[in-house]
$ cat entry-v5.cif   # mmCIF, C-alpha atoms (C1' of nucleotides)
data_data
#
loop_
_atom_site.label_atom_id
_atom_site.label_comp_id
_atom_site.auth_asym_id
_atom_site.auth_seq_id
_atom_site.Cartn_x
_atom_site.Cartn_y
_atom_site.Cartn_z
CA MET A 1 -36.64 72.66 -31.37
CA PRO A 2 -36.08 69.68 -33.65
CA GLU A 3 -39.56 68.22 -33.43
CA GLY A 4 -42.49 69.78 -31.67
CA LEU A 5 -45.06 67.68 -29.93
CA ARG A 6 -47.69 69.29 -32.10
CA GLU A 7 -46.23 68.15 -35.39
CA ARG A 8 -45.63 64.69 -34.06
CA THR A 9 -49.25 64.39 -33.01
CA ARG A 10 -50.41 65.75 -36.31
CA ARG A 11 -48.43 63.20 -38.29
CA ALA A 12 -49.67 60.41 -36.08
CA VAL A 13 -53.29 61.41 -36.57
CA ARG A 14 -52.71 61.71 -40.29
CA ALA A 15 -51.20 58.23 -40.48
CA GLU A 16 -54.00 56.78 -38.39
CA LEU A 17 -56.55 58.40 -40.65
CA ALA A 18 -54.93 57.02 -43.80
CA ASP A 19 -54.73 53.64 -42.16
CA VAL A 20 -58.39 53.51 -41.25
CA ALA A 21 -59.36 54.82 -44.68
CA ILE A 22 -57.47 52.20 -46.66
CA ASP A 23 -58.82 49.52 -44.40
CA LEU A 24 -62.42 50.57 -44.98
CA PHE A 25 -61.88 51.07 -48.69
CA ALA A 26 -60.40 47.61 -49.08
CA ARG A 27 -63.28 46.03 -47.22
CA GLN A 28 -66.32 47.79 -48.66
CA GLY A 29 -65.03 49.75 -51.65
CA PHE A 30 -64.02 53.34 -52.20
CA GLU A 31 -67.31 54.81 -53.37
CA GLU A 32 -69.27 52.90 -50.77
CA THR A 33 -67.30 54.44 -47.94
CA THR A 34 -68.19 57.94 -46.80
CA VAL A 35 -65.75 60.43 -45.37
CA ASP A 36 -67.92 60.74 -42.33
CA GLU A 37 -67.55 57.03 -41.75
CA ILE A 38 -63.77 57.22 -41.92
CA ALA A 39 -63.62 60.20 -39.62
CA ARG A 40 -65.92 58.62 -37.04
CA ALA A 41 -63.91 55.40 -37.09
CA ALA A 42 -60.81 57.45 -36.29
CA GLY A 43 -62.57 59.46 -33.60
CA LEU A 44 -62.92 62.71 -35.52
CA THR A 45 -65.49 64.64 -37.48
CA LYS A 46 -65.79 64.92 -41.22
CA ARG A 47 -64.64 68.54 -41.05
CA SER A 48 -61.40 67.52 -39.40
CA PHE A 49 -60.69 64.87 -41.99
CA PHE A 50 -60.44 67.61 -44.57
CA ARG A 51 -57.97 69.43 -42.37
CA TYR A 52 -55.58 66.52 -42.92
CA PHE A 53 -56.37 65.60 -46.52
CA PRO A 54 -57.54 67.88 -49.31
CA THR A 55 -59.73 65.17 -50.84
CA LYS A 56 -61.01 61.72 -49.99
CA GLU A 57 -58.71 60.26 -52.64
CA ASP A 58 -55.55 61.71 -51.16
CA ALA A 59 -55.80 59.57 -48.06
CA VAL A 60 -54.77 56.67 -50.29
CA PHE A 61 -51.63 58.04 -51.91
CA ASP A 62 -49.95 59.22 -48.75
CA SER A 63 -47.56 56.32 -48.53
CA ILE A 64 -46.91 55.44 -52.16
CA ASP A 65 -46.53 58.70 -54.02
CA VAL A 66 -43.36 60.43 -55.18
CA THR A 67 -42.78 64.12 -54.90
CA GLY A 68 -41.44 66.20 -57.76
CA GLU A 69 -38.71 67.69 -55.60
CA ASN A 70 -37.24 64.29 -54.90
CA VAL A 71 -37.00 63.36 -58.54
CA VAL A 72 -35.66 66.73 -59.63
CA ALA A 73 -33.03 66.74 -56.90
CA ALA A 74 -31.92 63.20 -57.68
CA LEU A 75 -31.83 64.08 -61.34
CA GLY A 76 -29.55 67.01 -60.64
CA ALA A 77 -27.16 64.69 -58.84
CA ARG A 78 -26.59 62.57 -61.95
CA PRO A 79 -23.62 63.34 -64.20
CA ALA A 80 -24.55 66.13 -66.60
CA GLU A 81 -23.30 64.35 -69.70
CA GLU A 82 -25.37 61.24 -69.03
CA ASP A 83 -28.11 60.26 -71.43
CA PRO A 84 -31.38 61.65 -69.98
CA TRP A 85 -33.23 58.37 -70.40
CA THR A 86 -30.54 56.58 -68.43
CA SER A 87 -30.65 59.26 -65.76
CA LEU A 88 -34.38 58.80 -65.35
CA GLN A 89 -33.92 55.08 -65.16
CA HIS A 90 -31.41 55.36 -62.34
CA VAL A 91 -33.43 57.88 -60.39
CA LEU A 92 -36.63 55.88 -60.57
CA ARG A 93 -34.79 52.67 -59.88
CA HIS A 94 -33.43 54.11 -56.68
CA TRP A 95 -36.92 55.17 -55.69
CA GLN A 96 -38.36 51.73 -56.37
CA GLU A 97 -35.70 50.13 -54.23
CA GLU A 98 -36.92 52.03 -51.21
CA ILE A 99 -40.42 50.65 -51.49
CA HIS A 100 -40.81 47.60 -49.33
CA ALA A 101 -43.64 45.60 -50.78
CA SER A 102 -45.83 45.05 -47.76
CA GLU A 103 -49.32 43.61 -47.72
CA ARG A 104 -50.67 47.11 -47.27
CA THR A 105 -48.85 48.39 -50.37
CA LEU A 106 -50.36 45.59 -52.36
CA ALA A 107 -53.86 46.32 -51.07
CA THR A 108 -53.42 49.98 -51.90
CA HIS A 109 -52.39 49.26 -55.47
CA ARG A 110 -55.25 46.85 -55.91
CA LEU A 111 -57.60 49.51 -54.70
CA ILE A 112 -56.29 52.07 -57.18
CA GLU A 113 -56.49 49.57 -60.00
CA ALA A 114 -60.12 48.79 -59.18
CA THR A 115 -61.23 52.40 -58.69
CA PRO A 116 -61.27 54.72 -61.70
CA ALA A 117 -61.53 57.84 -59.56
CA LEU A 118 -58.30 56.92 -57.80
CA GLY A 119 -56.50 56.31 -61.07
CA GLY A 120 -57.59 59.72 -62.24
CA ARG A 121 -56.43 61.42 -59.09
CA LEU A 122 -53.06 59.68 -59.19
CA HIS A 123 -52.56 60.88 -62.73
CA GLN A 124 -53.49 64.35 -61.60
CA ARG A 125 -50.85 64.28 -58.88
CA ARG A 126 -48.23 62.96 -61.21
CA THR A 127 -48.92 65.72 -63.70
CA GLU A 128 -47.57 68.10 -61.12
CA TRP A 129 -44.19 66.48 -60.72
CA ARG A 130 -43.99 65.59 -64.40
CA ARG A 131 -44.03 69.27 -65.14
CA ARG A 132 -41.19 69.89 -62.72
CA VAL A 133 -39.13 67.04 -64.08
CA SER A 134 -39.78 68.14 -67.61
CA ASP A 135 -38.68 71.67 -66.79
CA ALA A 136 -35.58 70.36 -65.08
CA LEU A 137 -34.66 68.38 -68.19
CA HIS A 138 -35.42 71.33 -70.39
CA ASP A 139 -32.83 73.66 -68.93
CA ARG A 140 -30.26 71.08 -68.09
CA PRO A 141 -26.60 72.04 -68.35
CA GLY A 142 -25.15 70.57 -71.50
CA ALA A 143 -27.40 69.34 -74.25
CA GLY A 144 -30.38 71.67 -74.44
CA LEU A 145 -33.53 69.63 -74.88
CA ASP A 146 -36.55 71.19 -76.49
CA ALA A 147 -39.81 71.14 -74.59
CA PHE A 148 -41.32 68.41 -76.75
CA THR A 149 -38.48 65.99 -76.16
CA ALA A 150 -38.43 66.75 -72.45
CA ASP A 151 -42.14 66.00 -72.21
CA LEU A 152 -41.69 62.85 -74.19
CA LEU A 153 -39.00 61.65 -71.81
CA THR A 154 -41.04 62.21 -68.67
CA ASN A 155 -44.24 60.86 -70.16
CA ALA A 156 -42.46 57.73 -71.33
CA ALA A 157 -40.92 57.28 -67.90
CA THR A 158 -44.31 57.29 -66.24
CA ALA A 159 -45.55 54.94 -68.94
CA VAL A 160 -42.92 52.45 -67.82
CA LEU A 161 -43.79 53.08 -64.19
CA ASP A 162 -47.44 52.29 -64.83
CA ALA A 163 -46.64 49.12 -66.73
CA VAL A 164 -44.43 48.00 -63.86
CA SER A 165 -47.19 48.59 -61.32
CA ALA A 166 -49.71 46.69 -63.43
CA GLU A 167 -47.42 43.70 -63.86
CA TRP A 168 -46.44 43.69 -60.23
CA LEU A 169 -50.10 43.68 -59.33
CA ARG A 170 -50.76 40.86 -61.77
CA SER A 171 -48.10 38.77 -60.08
CA GLY A 172 -49.83 39.26 -56.74
CA GLY A 173 -46.92 41.28 -55.42
CA THR A 174 -44.32 38.58 -55.94
CA ALA A 175 -42.55 40.09 -58.94
CA ASP A 176 -39.47 42.24 -58.36
CA ARG A 177 -40.28 45.80 -59.24
CA VAL A 178 -36.69 46.83 -59.84
CA THR A 179 -36.16 44.05 -62.35
CA LEU A 180 -39.39 44.99 -64.11
CA LEU A 181 -38.32 48.61 -64.22
CA GLU A 182 -35.03 47.69 -65.84
CA ARG A 183 -36.81 45.57 -68.42
CA GLY A 184 -39.27 48.34 -69.13
CA PHE A 185 -36.60 50.97 -69.53
CA SER A 186 -34.59 48.88 -71.94
CA LEU A 187 -37.58 47.73 -73.99
CA ALA A 188 -38.86 51.26 -74.38
CA ARG A 189 -36.15 53.73 -75.13
CA VAL A 190 -36.14 57.42 -75.82
CA ARG A 191 -32.94 58.06 -77.71
CA LEU A 192 -31.82 61.50 -78.67
CA GLY A 193 -29.59 62.68 -81.48
CA ASP A 194 -31.15 60.39 -84.00
CA MET B 1 -85.63 52.99 -90.52
CA PRO B 2 -82.19 54.36 -91.12
CA GLU B 3 -82.43 57.33 -88.79
CA GLY B 4 -85.33 58.13 -86.53
CA LEU B 5 -86.34 61.65 -85.74
CA ARG B 6 -85.88 60.91 -82.11
CA GLU B 7 -82.22 60.00 -82.37
CA ARG B 8 -81.54 62.95 -84.61
CA THR B 9 -83.04 65.31 -82.07
CA ARG B 10 -81.16 63.66 -79.29
CA ARG B 11 -77.83 64.06 -81.02
CA ALA B 12 -78.59 67.68 -81.82
CA VAL B 13 -79.44 68.47 -78.23
CA ARG B 14 -76.33 66.69 -77.10
CA ALA B 15 -74.14 68.68 -79.45
CA GLU B 16 -75.82 71.92 -78.47
CA LEU B 17 -75.24 71.10 -74.82
CA ALA B 18 -71.55 70.37 -75.35
CA ASP B 19 -71.24 73.54 -77.35
CA VAL B 20 -72.75 75.74 -74.68
CA ALA B 21 -70.71 74.00 -72.00
CA ILE B 22 -67.35 74.53 -73.67
CA ASP B 23 -68.24 78.10 -74.35
CA LEU B 24 -69.06 78.83 -70.74
CA PHE B 25 -66.05 76.89 -69.48
CA ALA B 26 -63.71 78.83 -71.73
CA ARG B 27 -65.14 82.12 -70.62
CA GLN B 28 -65.44 81.71 -66.86
CA GLY B 29 -63.58 78.51 -66.01
CA PHE B 30 -64.65 74.93 -65.42
CA GLU B 31 -65.10 74.96 -61.67
CA GLU B 32 -66.78 78.34 -61.75
CA THR B 33 -69.52 77.07 -64.06
CA THR B 34 -72.37 75.06 -62.59
CA VAL B 35 -74.24 72.35 -64.41
CA ASP B 36 -77.44 74.20 -63.72
CA GLU B 37 -76.04 77.20 -65.55
CA ILE B 38 -75.16 75.15 -68.61
CA ALA B 39 -78.53 73.45 -68.68
CA ARG B 40 -80.43 76.71 -68.33
CA ALA B 41 -78.38 78.30 -71.10
CA ALA B 42 -79.39 75.42 -73.35
CA GLY B 43 -83.03 75.56 -72.28
CA LEU B 44 -83.06 72.47 -70.09
CA THR B 45 -82.89 71.53 -66.44
CA LYS B 46 -79.93 70.19 -64.55
CA ARG B 47 -81.60 66.80 -64.37
CA SER B 48 -81.80 66.55 -68.13
CA PHE B 49 -78.15 67.49 -68.56
CA PHE B 50 -77.26 64.28 -66.76
CA ARG B 51 -79.47 62.35 -69.15
CA TYR B 52 -77.05 63.32 -71.92
CA PHE B 53 -73.72 63.23 -70.10
CA PRO B 54 -72.75 61.04 -67.17
CA THR B 55 -70.61 63.77 -65.63
CA LYS B 56 -69.93 67.46 -66.06
CA GLU B 57 -66.48 66.64 -67.40
CA ASP B 58 -67.73 64.43 -70.19
CA ALA B 59 -69.38 67.31 -72.01
CA VAL B 60 -65.85 68.40 -72.93
CA PHE B 61 -64.46 65.20 -74.45
CA ASP B 62 -67.31 64.49 -76.77
CA SER B 63 -65.57 65.77 -79.87
CA ILE B 64 -61.93 64.97 -79.20
CA ASP B 65 -61.86 61.53 -77.65
CA VAL B 66 -61.05 58.19 -79.25
CA THR B 67 -62.94 55.04 -78.62
CA GLY B 68 -61.24 51.77 -77.89
CA GLU B 69 -63.23 49.99 -80.57
CA ASN B 70 -61.86 52.25 -83.27
CA VAL B 71 -58.27 51.65 -82.33
CA VAL B 72 -58.69 47.92 -81.88
CA ALA B 73 -60.44 47.57 -85.22
CA ALA B 74 -57.84 49.63 -87.05
CA LEU B 75 -55.13 47.63 -85.33
CA GLY B 76 -56.66 44.41 -86.59
CA ALA B 77 -56.53 45.73 -90.14
CA ARG B 78 -52.75 46.13 -90.04
CA PRO B 79 -50.55 43.30 -91.39
CA ALA B 80 -50.09 40.69 -88.67
CA GLU B 81 -46.34 40.48 -89.06
CA GLU B 82 -45.84 44.20 -88.63
CA ASP B 83 -43.91 45.51 -85.67
CA PRO B 84 -46.53 46.47 -83.01
CA TRP B 85 -44.98 49.86 -82.38
CA THR B 86 -45.21 50.69 -86.08
CA SER B 87 -48.79 49.47 -86.17
CA LEU B 88 -49.72 51.78 -83.32
CA GLN B 89 -47.98 54.63 -85.06
CA HIS B 90 -49.98 54.14 -88.24
CA VAL B 91 -53.29 53.75 -86.47
CA LEU B 92 -52.85 56.84 -84.35
CA ARG B 93 -51.49 58.78 -87.28
CA HIS B 94 -54.61 58.02 -89.24
CA TRP B 95 -56.71 59.19 -86.34
CA GLN B 96 -54.79 62.43 -86.00
CA GLU B 97 -55.25 63.17 -89.67
CA GLU B 98 -59.00 63.23 -89.22
CA ILE B 99 -58.84 65.94 -86.59
CA HIS B 100 -59.22 69.30 -88.20
CA ALA B 101 -57.65 71.81 -85.87
CA SER B 102 -60.42 74.33 -85.43
CA GLU B 103 -60.52 77.18 -82.97
CA ARG B 104 -62.89 75.15 -80.85
CA THR B 105 -60.50 72.21 -80.70
CA LEU B 106 -57.77 74.53 -79.53
CA ALA B 107 -59.99 76.05 -76.86
CA THR B 108 -60.96 72.59 -75.67
CA HIS B 109 -57.37 71.49 -75.31
CA ARG B 110 -56.43 74.68 -73.52
CA LEU B 111 -59.27 74.06 -71.12
CA ILE B 112 -58.12 70.53 -70.35
CA GLU B 113 -54.55 71.69 -69.86
CA ALA B 114 -55.68 74.36 -67.40
CA THR B 115 -58.09 72.16 -65.45
CA PRO B 116 -56.68 69.29 -63.37
CA ALA B 117 -60.05 67.63 -63.00
CA LEU B 118 -60.39 67.38 -66.76
CA GLY B 119 -56.93 65.92 -67.14
CA GLY B 120 -57.83 63.30 -64.58
CA ARG B 121 -61.05 62.41 -66.29
CA LEU B 122 -59.40 62.14 -69.70
CA HIS B 123 -56.87 59.76 -68.26
CA GLN B 124 -59.72 57.77 -66.76
CA ARG B 125 -61.40 57.48 -70.14
CA ARG B 126 -58.18 56.48 -71.85
CA THR B 127 -57.56 53.78 -69.31
CA GLU B 128 -60.61 52.08 -70.69
CA TRP B 129 -59.43 51.86 -74.29
CA ARG B 130 -55.85 51.25 -73.26
CA ARG B 131 -57.03 48.05 -71.66
CA ARG B 132 -58.77 46.99 -74.85
CA VAL B 133 -55.80 47.83 -77.02
CA SER B 134 -53.47 46.08 -74.66
CA ASP B 135 -55.65 42.98 -74.73
CA ALA B 136 -55.79 43.10 -78.51
CA LEU B 137 -52.00 43.21 -78.69
CA HIS B 138 -51.71 40.46 -76.15
CA ASP B 139 -53.52 37.81 -78.15
CA ARG B 140 -52.44 38.92 -81.56
CA PRO B 141 -51.86 36.28 -84.22
CA GLY B 142 -48.17 35.69 -84.64
CA ALA B 143 -45.73 36.92 -82.04
CA GLY B 144 -47.30 36.35 -78.63
CA LEU B 145 -46.66 39.40 -76.49
CA ASP B 146 -46.70 39.05 -72.76
CA ALA B 147 -49.01 41.32 -70.80
CA PHE B 148 -46.19 43.51 -69.55
CA THR B 149 -44.91 44.30 -73.01
CA ALA B 150 -48.41 44.92 -74.32
CA ASP B 151 -49.05 47.40 -71.52
CA LEU B 152 -45.74 49.05 -72.16
CA LEU B 153 -46.61 49.54 -75.81
CA THR B 154 -49.98 51.12 -75.19
CA ASN B 155 -48.75 53.25 -72.31
CA ALA B 156 -45.87 54.52 -74.39
CA ALA B 157 -48.23 55.32 -77.26
CA THR B 158 -50.37 57.50 -75.04
CA ALA B 159 -47.21 59.09 -73.69
CA VAL B 160 -46.40 60.20 -77.22
CA LEU B 161 -49.96 61.34 -77.74
CA ASP B 162 -49.83 63.52 -74.65
CA ALA B 163 -46.51 65.06 -75.62
CA VAL B 164 -47.95 65.86 -79.05
CA SER B 165 -50.96 67.57 -77.55
CA ALA B 166 -48.81 69.62 -75.18
CA GLU B 167 -46.48 70.77 -77.96
CA TRP B 168 -49.35 71.55 -80.28
CA LEU B 169 -50.91 73.62 -77.53
CA ARG B 170 -47.60 75.40 -76.94
CA SER B 171 -47.47 76.36 -80.59
CA GLY B 172 -50.91 77.91 -80.30
CA GLY B 173 -52.36 75.33 -82.64
CA THR B 174 -50.05 76.08 -85.55
CA ALA B 175 -47.86 72.98 -85.31
CA ASP B 176 -48.73 69.97 -87.44
CA ARG B 177 -49.89 67.19 -85.19
CA VAL B 178 -49.10 64.42 -87.64
CA THR B 179 -45.52 65.57 -87.99
CA LEU B 180 -45.18 65.77 -84.22
CA LEU B 181 -46.61 62.30 -83.87
CA GLU B 182 -44.08 60.90 -86.31
CA ARG B 183 -41.24 62.61 -84.47
CA GLY B 184 -42.52 61.31 -81.14
CA PHE B 185 -42.86 57.77 -82.38
CA SER B 186 -39.38 57.66 -83.80
CA LEU B 187 -37.73 59.36 -80.83
CA ALA B 188 -39.39 57.00 -78.39
CA ARG B 189 -39.36 53.43 -79.54
CA VAL B 190 -40.54 50.21 -78.02
CA ARG B 191 -38.56 47.50 -79.74
CA LEU B 192 -39.17 43.87 -79.15
CA GLY B 193 -36.92 40.88 -79.42
CA ASP B 194 -34.02 42.60 -77.75
"C1'" DC C 1 -106.88 56.60 -83.04
"C1'" DC C 2 -104.57 54.03 -79.39
"C1'" DA C 3 -101.24 51.99 -76.54
"C1'" DA C 4 -96.28 51.48 -75.52
"C1'" DA C 5 -92.08 53.73 -75.14
"C1'" DG C 6 -89.20 57.89 -74.53
"C1'" DC C 7 -88.26 62.47 -72.82
"C1'" DT C 8 -89.07 66.15 -69.60
"C1'" DG C 9 -89.53 68.95 -65.27
"C1'" DT C 10 -90.09 68.71 -60.31
"C1'" DC C 11 -89.01 67.27 -55.87
"C1'" DA C 12 -86.30 65.14 -52.49
"C1'" DC C 13 -82.12 63.19 -51.17
"C1'" DT C 14 -76.94 61.74 -50.57
"C1'" DC C 15 -72.28 62.94 -50.38
"C1'" DG C 16 -67.86 65.61 -51.15
"C1'" DG C 17 -66.05 69.83 -49.92
"C1'" DT C 18 -65.78 74.81 -47.80
"C1'" DG C 19 -66.51 79.05 -44.76
"C1'" DT C 20 -67.33 80.57 -40.21
"C1'" DC C 21 -67.31 80.73 -35.37
"C1'" DA C 22 -66.74 79.79 -30.63
"C1'" DG C 23 -64.42 77.05 -27.33
"C1'" DA C 24 -60.63 73.85 -25.72
"C1'" DA C 25 -55.72 72.67 -25.77
"C1'" DT C 26 -51.01 73.93 -26.25
"C1'" DA C 27 -46.55 76.56 -26.98
"C1'" DG C 28 -43.42 79.88 -25.44
"C1'" DA C 29 -42.40 84.32 -22.67
"C1'" DC C 30 -42.25 86.06 -18.21
"C1'" DG D 1 -46.97 78.70 -12.39
"C1'" DT D 2 -49.44 82.04 -15.12
"C1'" DC D 3 -50.71 84.64 -19.09
"C1'" DT D 4 -51.29 85.30 -23.98
"C1'" DA D 5 -51.03 84.15 -28.86
"C1'" DT D 6 -51.51 80.34 -31.74
"C1'" DT D 7 -53.50 76.04 -33.16
"C1'" DC D 8 -56.82 72.50 -33.27
"C1'" DT D 9 -61.46 70.98 -32.75
"C1'" DG D 10 -66.68 70.25 -33.19
"C1'" DA D 11 -70.85 72.37 -34.69
"C1'" DC D 12 -73.54 74.47 -38.09
"C1'" DA D 13 -74.80 76.18 -42.41
"C1'" DC D 14 -74.04 76.11 -47.06
"C1'" DC D 15 -72.90 74.90 -52.19
"C1'" DG D 16 -72.59 71.86 -56.16
"C1'" DA D 17 -72.40 67.19 -58.43
"C1'" DG D 18 -75.10 63.35 -59.06
"C1'" DT D 19 -79.25 59.95 -58.40
"C1'" DG D 20 -83.99 57.95 -57.65
"C1'" DA D 21 -88.83 58.41 -58.19
"C1'" DC D 22 -92.95 60.11 -60.17
"C1'" DA D 23 -96.24 62.40 -63.06
"C1'" DG D 24 -97.23 64.50 -67.52
"C1'" DC D 25 -96.34 65.22 -72.32
"C1'" DT D 26 -94.73 63.73 -77.05
"C1'" DT D 27 -93.49 60.53 -80.34
"C1'" DT D 28 -93.60 56.05 -82.50
"C1'" DG D 29 -95.67 52.05 -84.56
"C1'" DG D 30 -99.68 49.46 -85.43
#
$ encode --input "entry-v5.cif" --output "structure tokens"
Amino acid sequence: MPEGLRERTRRAVRAELADVAIDLFARQGFEETTVDEIARAAGLTKRSFFRYFPTKEDAVFDSIDVTGENVVAALGARPAEEDPWTSLQHVLRHWQEEIHASERTLATHRLIEATPALGGRLHQRRTEWRRRVSDALHDRPGAGLDAFTADLLTNAATAVLDAVSAEWLRSGGTADRVTLLERGFSLARVRLGD
Amino acid sequence: MPEGLRERTRRAVRAELADVAIDLFARQGFEETTVDEIARAAGLTKRSFFRYFPTKEDAVFDSIDVTGENVVAALGARPAEEDPWTSLQHVLRHWQEEIHASERTLATHRLIEATPALGGRLHQRRTEWRRRVSDALHDRPGAGLDAFTADLLTNAATAVLDAVSAEWLRSGGTADRVTLLERGFSLARVRLGD
DNA sequence: CCAAAGCTGTCACTCGGTGTCAGAATAGAC
DNA sequence: GTCTATTCTGACACCGAGTGACAGCTTTGG
């Protein structure tokens, strides 16, 4: 059984729900839109909305968020003797390449930028995978990084990521995210053995 | 009238409220403590709690948070031709020196570390002053920084700050924050004109 | 002493989020 | 095709964070 009907339906409903949510948020604002409203518009009840998303905020990040596993796995695939900062750059670059900058992506980022609660929740989600990445760097084969340096590396990487998003948003979605990422990673550098 | 009785009382109540709150949070957890509980313990009603703090979270940051004005002002006092990264280092270093690492400070940081909602809210607050700092760097006399670089600088500075807090927490409050800050700022560098 | 301004408790309300339950739909075994 | 265990759903009740409105008390300044 490669793909049950049930899971397919579930994913479809989930996508539909996220779709409707972002649409409403973009039109009338995040705080001004109730969960009940979203659910009704998608033909469900409020209770069922929370069976698909843990919070109202999470309906927004579905399409644009990274998972810690992805980054850790990709990081493990890099050569062990490579400079950690360079490894991070390559991993995140590869991730950015996969994002196709649609109109919806732009609207989503605008929404996050304009809504403090969403910014907070995004940070909260990232904290999770930052911990994983930091741990992965910490006990990496080869040069043993102390916890402080590992944290510094991951924090700095997300700092670049945020600056890239902000600039991309400022450009109205026309700027090339990969190019910005490269610029960011070379302007800000975390060099070891200094 | 240098200091009215009214304002003095108000500040005292506010401090008392924050005190009680942190105490309860540390003992039984943030989510497990209701606002009503805090207010009652301080001899007030829930309604009055919200006349002193906009949210439940904000009762925690009262003593440990920076304001954007402080940083911007201190930044303006640095020599105009100084490297921005170095300026940030000095300003934040000065701020860290003023923090005396009491038991309460430690408890507060532990609490934030253990509570996702608090981490999110702190980030939200910092976003506010990051914008100000970034703007201040943007139209600084002398070298005109583009918005992207200015963002990168401020984001990277908070990245260092967060790594310092995490390490200090890991050490159980024994590590010297200023030393850590220096190490962080020299390990991670944002260099311009490259 | 008197009026304006500020602070307080009380009440009522909205909204995000959760626990529970009973019924409908579905998956897989026969 | 049928039966049973699992899953999904709406309905209902509930909690806690936050807000608006109002009435009464205290402080401030003249």
$ closest_residue --input "entry-v5.cif" --among "C:DT14, C:DT8, C:DT26, C:DT20" --to "chain B" --atoms "only C-alpha atoms (C1' of nucleotides)"
C:DT8
$ atom_distance --input "entry-v5.cif" --atom1 "CA of Glu113 in chain A" --atom2 "CA of Phe61 in chain A"
12.7 Å
$ closest_residue --input "entry-v5.cif" --among "A:Val160, A:Ala101, A:Ala117, A:Ala188" --to "Gly172 in chain A" --atoms "all atoms listed in the file"
A:Ala101
$ closest_residue --input "entry-v5.cif" --among "A:Leu192, A:Ala175, A:Leu169, A:Ala39" --to "Ala107 in chain A" --atoms "only C-alpha atoms"
A:Leu169
$ atom_distance --input "entry-v5.cif" --atom1 "C1' of DA29 in chain C" --atom2 "CA of Arg51 in chain A"
29.2 Å
$ interface_residues --input "entry-v5.cif" --of "chain B" --to "chain D" --cutoff "12 Å" --atoms "all atoms listed in the file" --output "list of chain:residue names"
B:Met1, B:Gly4, B:Leu5, B:Arg6, B:Glu7, B:Thr9, B:Glu31, B:Glu32, B:Thr33, B:Thr34, B:Val35, B:Asp36, B:Glu37, B:Lys46, B:Arg47, B:Ser48, B:Phe49, B:Phe50, B:Arg51, B:Phe53, B:Pro54, B:Thr55, B:Lys56, B:Glu57
$ interface_residues --input "entry-v5.cif" --of "chain C" --to "chain B" --cutoff "9 Å" --atoms "only C-alpha atoms (C1' of nucleotides)" --output "ChimeraX atom specification"
/C:6-9
$ resolve_selection --input "entry-v5.cif" --expression "the PyMOL selection byres ((chain B) within 8 of (chain A))" --output "ChimeraX atom specification"
/B:116-117,119-121,123-124,147-149,151-152,155-156,159-160,162-164,166-167,184,187-192,194
$ resolve_selection --input "entry-v5.cif" --expression "the PyMOL selection byres ((chain B and resi 11-23) around 7)" --output "list of chain:residue names"
B:Glu7, B:Arg8, B:Thr9, B:Arg10, B:Leu24, B:Phe25, B:Ala26, B:Arg27, B:Ile38, B:Ala42, B:Tyr52, B:Ala59, B:Val60, B:Thr108
$ resolve_selection --input "entry-v5.cif" --expression "the PyMOL selection byres ((chain A and resi 77) around 12)" --output "PyMOL selection string"
chain A and resi 70-76+78-82+87-88+90-91+136+140
$ atom_distance --input "entry-v5.cif" --atom1 "CA of Ser171 in chain B" --atom2 "CA of Asp146 in chain A"
12.8 Å
